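Structure first, commentary second.
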Amino acid sequence: MRTENSAGAEERMKFKLSKNNGQYLYRIVLAVTAAAALLPVACNYIMDGGIVSEWIVRTQELSAGLRLFPSTEAFSGMWSRENGMDSNLWLIPAGILYRISGRMVLTYRIYMLVVQIMTLIFAKMFFESFFADKETKLSAFIGVLLYMTSPYRIYICYDLADISSAVVWMLLPLYAWAVLGILRGRRKIRDIVVGSLVLAGIGYAEIIYFFVLSAVTIFAVLYFRKVFPVITIGAGGILLGPVLYRLGQYLFQGVYEEIGIPIRSIMQNGYRFGQFFSSYAFRDGHPGMGLGMFACLLAGLWVSFVAGGGKLLKREKFFMIVSCIFFLLSLRYCPWDLAQRLGIWSLKLVSLINTPAIFAGLSLGGLCIPAAAGVERLTRQENRLSAFLVPFGVFLACLGICVYQCNMLTYSRLPMGVI
């Protein structure tokens with residue numbers, strides 16, 4: 001009897017040690033992933049290029065006095081006017097920090113550090129919740145890895161330097177986490193409140209994403225046949241009142257014409273089919289899925305159609321369908337010109353999208369879920385060698401391309417003349 005008890009205690013101890021080691025390794029690889037995405041922040045300067053000058057102008061104006069929208073004078077000092085309907089809400093902390101420190105480079109580095117860390121935390125929350133029924137955290141880690149090192153997200157943060165869009169990508173997994181909680185109905189009130197606040201926050205950063213995510217939420221309601229996520233759209237729209245009112249004035253009353261927001265066709269800015277499969281080099285602001293994502297999707301297809309490893313779950317199919325829709329919307333052949341012919345308001349509204357490439361980014365973000373699920377199913381196959389090599393190879397590929405992308409930026413962009 002004592003021998004059996006001792007053996008049982010020994011097994012429990014081994015299991016506990018194994019679990020603790022797994023948690024420790026999990027945290028280490030997450031930290032390495034975050035470090036790879038933070039490489040440009042390590043530079044003691046702001047890289048020239050993109051639309052980072054817009055962020056600098058807005059931050060300087062906010063340091064002199066808080067205001068929800070930039071002034072016409074501020075717009076006159078911006079290189080880009082596409083974000084004319086976006087608010088200053090998420091830039092207020094930067095304005096306060098710049099007023100205290102008087103150093104724009106320090107403000108930028110701290111701001112981007114916080115954005116990247118919070119993106120990691122929110123992505124970790126979502127993927128761990130989404131894959132909570134899995135035996136290990138491998139699928140959650142692969143999802144976080146693919147999201148954090150996505151070539152499109154790195155392009156948005158550092159190459160294009162669209163800080164407002166970087167904030168949106170920070171909030172996307174938090175909104176998905178809240179909607180997932182609403183659908184599961186465990187803490188519905190909390191998740192509705194969080195979802196409403198986050199959706200409104202996304203609208204304050206980039207108004208176009210508010211409409212896009214509202215459409216995705218409605219599709220989720222129809223797909224899962226649960227109506228409660230709609231509340232986030234209504235409540236978020238109320239909280240977003242000042243931005244929607246300003247947008248309505250611009251679309252229907254001809255106000256804010258002096259800002260000079262460009263009105264044009266966006267079709268020619270879309271993706272070509274082959275550009276989705278680029279790994280490390282891209283042109284015209286069209287980054288591809290990267291080698292890591294491509295390997296994950298191939299692994300999922302191989303398991304499903306060759307190894308008989310099962311099909312995608314309903315929740316995973318949802319993200320696959322949404323990603324395919326976004327993929328079609330991002331192509332240069334999508335007839336956006338037809339939508340712009342509905343009236344002056346539609347011409348202005350579609351022009352605010354600026355480029356269909358934002359849908360390519362959302363498509364690649366949504367593919368993180370089926371890609372991570374595919375790798376997890378592969379690890380449950382009998383071939384233990386491939387079960388180890390594929391996740392490890394994906395880890396190296398994602399980190400390698402992320403480091404390469406960041407390294408090329410830091411060594412090819414000149415420092416801006418700001419302190």
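Within each chain, counting starts at residue 1; across the structure tokens, chains are named A, B, ... in the order shown, with ligands numbered 1 upward in that order.
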Inset, instruction - For Arg225 of chain A, list every protein, DNA or RNA residue within 12 Å, evaluated using only C-alpha atoms, and leave out those in the same chain fewer than 6 positions away; present the list as a ChimeraX atom specification. - result: /A:183-184,217-219
Please produce a file of the residues just selected, as a compact mmCIF listing (two decimals), in the first residue's frame, where the atoms kept are all heavy atoms.
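Printed below is result-v3.txt as written:
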# COMPACT_ATOMS: atom_id res chain seq x y z
N LEU A 183 -20.24 34.93 -26.69
CA LEU A 183 -20.79 33.75 -27.36
C LEU A 183 -20.84 32.55 -26.42
O LEU A 183 -21.77 31.74 -26.48
CB LEU A 183 -19.97 33.42 -28.60
CG LEU A 183 -20.03 34.43 -29.74
CD1 LEU A 183 -19.03 34.08 -30.84
CD2 LEU A 183 -21.45 34.48 -30.32
N ARG A 184 -19.85 32.44 -25.56
CA ARG A 184 -19.83 31.33 -24.60
C ARG A 184 -20.72 31.59 -23.40
O ARG A 184 -21.11 30.65 -22.70
CB ARG A 184 -18.40 31.06 -24.15
CG ARG A 184 -17.53 30.45 -25.25
CD ARG A 184 -16.09 30.27 -24.81
NE ARG A 184 -15.30 29.56 -25.82
CZ ARG A 184 -13.99 29.39 -25.76
NH1 ARG A 184 -13.31 29.90 -24.73
NH2 ARG A 184 -13.37 28.73 -26.71
N THR A 217 -19.02 41.17 -36.76
CA THR A 217 -19.82 40.80 -35.59
C THR A 217 -21.22 40.35 -35.99
O THR A 217 -21.75 39.37 -35.45
CB THR A 217 -19.91 42.00 -34.62
OG1 THR A 217 -18.59 42.42 -34.27
CG2 THR A 217 -20.66 41.61 -33.36
N ILE A 218 -21.83 41.06 -36.94
CA ILE A 218 -23.16 40.66 -37.42
C ILE A 218 -23.09 39.29 -38.08
O ILE A 218 -23.98 38.43 -37.90
CB ILE A 218 -23.70 41.72 -38.40
CG1 ILE A 218 -23.98 43.02 -37.65
CG2 ILE A 218 -24.96 41.22 -39.09
CD1 ILE A 218 -24.37 44.18 -38.54
N PHE A 219 -22.03 39.04 -38.85
CA PHE A 219 -21.85 37.72 -39.46
C PHE A 219 -21.69 36.64 -38.38
O PHE A 219 -22.22 35.53 -38.52
CB PHE A 219 -20.64 37.73 -40.38
CG PHE A 219 -20.37 36.41 -41.04
CD1 PHE A 219 -21.27 35.84 -41.91
CD2 PHE A 219 -19.20 35.71 -40.75
CE1 PHE A 219 -21.03 34.60 -42.50
CE2 PHE A 219 -18.95 34.47 -41.33
CZ PHE A 219 -19.85 33.93 -42.21
Inset, instruction - Would you list the contacts of segment 67-71 of chain A as number ranges by chain, taking every protein, DNA or RNA residue within 6 Å and counting only C-alpha atoms, but skipping same-chain residues closer than 6 positions in sequence? - result: A: 87-89
Within 7 Å of segment 376-395 of chain A: each segment 243-320 of chain A residue with its shortest pair, only C-alpha atoms, as JSON lines:
{"residue": "A:Gly292", "atom": "CA", "partner": "A:Val394", "partner_atom": "CA", "distance": 4.8}
{"residue": "A:Ala295", "atom": "CA", "partner": "A:Val394", "partner_atom": "CA", "distance": 6.8}
{"residue": "A:Ala299", "atom": "CA", "partner": "A:Leu378", "partner_atom": "CA", "distance": 6.7}
{"residue": "A:Val303", "atom": "CA", "partner": "A:Leu378", "partner_atom": "CA", "distance": 6.1}
{"residue": "A:Gly309", "atom": "CA", "partner": "A:Arg377", "partner_atom": "CA", "distance": 6.5}
Output for the residues just chosen: all heavy atoms as a short mmCIF file (atom, residue, chain, number, x, y, z; two decimals), in the first residue's frame:
data_model
loop_
_atom_site.label_atom_id
_atom_site.label_comp_id
_atom_site.auth_asym_id
_atom_site.auth_seq_id
_atom_site.Cartn_x
_atom_site.Cartn_y
_atom_site.Cartn_z
N GLY A 292 6.30 31.35 -42.07
CA GLY A 292 5.72 30.65 -40.92
C GLY A 292 4.25 30.36 -41.12
O GLY A 292 3.79 29.23 -40.89
N ALA A 295 3.75 27.69 -43.82
CA ALA A 295 4.05 26.33 -43.33
C ALA A 295 2.92 25.81 -42.45
O ALA A 295 2.55 24.63 -42.53
CB ALA A 295 5.36 26.34 -42.54
N ALA A 299 0.64 22.54 -43.20
CA ALA A 299 0.53 21.46 -42.21
C ALA A 299 -0.92 21.12 -41.95
O ALA A 299 -1.30 19.95 -41.86
CB ALA A 299 1.23 21.88 -40.92
N VAL A 303 -2.69 17.47 -42.79
CA VAL A 303 -3.35 16.67 -41.75
C VAL A 303 -4.79 16.38 -42.12
O VAL A 303 -5.30 15.26 -41.94
CB VAL A 303 -3.28 17.40 -40.39
CG1 VAL A 303 -4.15 16.69 -39.36
CG2 VAL A 303 -1.85 17.47 -39.90
N GLY A 309 -6.51 13.72 -40.12
CA GLY A 309 -6.46 14.26 -38.77
C GLY A 309 -7.68 15.05 -38.36
O GLY A 309 -7.64 15.77 -37.37
#
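Of the residues listed (A:Ala178, A:Val227, A:Val255, A:Val167), A:Val167 shows the shortest atom-to-atom separation from Ile202 of chain A; distances use only C-alpha atoms.
The shortest atom-to-atom distance to Arg332 of chain A, with only C-alpha atoms taken into account, belongs to A:Gly270 out of A:Gly270, A:Gly288, A:Gly241, A:Gly143.
The nearest approach to Ile154 of chain A among the residues A:Ala166, A:Ala397, A:Leu113, A:Met78, with only C-alpha atoms taken into account, belongs to A:Ala166.
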Inset, instruction - Name all residues at most 12 Å from Ala339 of chain A (count only C-alpha atoms; drop same-chain ones fewer than 3 positions away) and give them as a ChimeraX atom specification. - result: /A:265-267,334-336,342-351
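Interatomic distance, atom CA of Val144 of chain A against atom CA of Gly195 of chain A: 20.1 Å.
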Inset, instruction - Determine which residues of segment 176-333 of chain A DSSP labels as alpha helix (DSSP H) from the backbone of this structure, then write them out as a ChimeraX atom specification. - result: /A:176-184,188-205,207-224,230-239,241-252,290-305,314-330
At a cut-off of 8 Å, using only C-alpha atoms, what residues contact Ala373 of chain A? Leave out same-chain residues fewer than 5 positions from it and give the result as an mmCIF file with N, CA, C and O atoms, in the first residue's frame.
data_model
loop_
_atom_site.group_PDB
_atom_site.id
_atom_site.type_symbol
_atom_site.label_atom_id
_atom_site.label_comp_id
_atom_site.auth_asym_id
_atom_site.auth_seq_id
_atom_site.Cartn_x
_atom_site.Cartn_y
_atom_site.Cartn_z
ATOM 1 N N SER A 139 -1.001 25.397 -29.483
ATOM 2 C CA SER A 139 -1.820 26.115 -30.455
ATOM 3 C C SER A 139 -1.958 27.590 -30.078
ATOM 4 O O SER A 139 -1.932 28.470 -30.947
ATOM 5 N N GLY A 300 -1.766 22.154 -41.821
ATOM 6 C CA GLY A 300 -3.183 21.913 -41.591
ATOM 7 C C GLY A 300 -3.845 21.203 -42.752
ATOM 8 O O GLY A 300 -4.657 20.283 -42.561
ATOM 9 N N LEU A 312 -11.678 21.151 -39.580
ATOM 10 C CA LEU A 312 -11.728 22.323 -38.734
ATOM 11 C C LEU A 312 -13.011 22.340 -37.915
ATOM 12 O O LEU A 312 -14.078 21.919 -38.380
ATOM 13 N N GLU A 316 -13.357 27.492 -35.856
ATOM 14 C CA GLU A 316 -12.194 27.703 -36.714
ATOM 15 C C GLU A 316 -12.622 27.978 -38.153
ATOM 16 O O GLU A 316 -12.002 28.783 -38.851
#
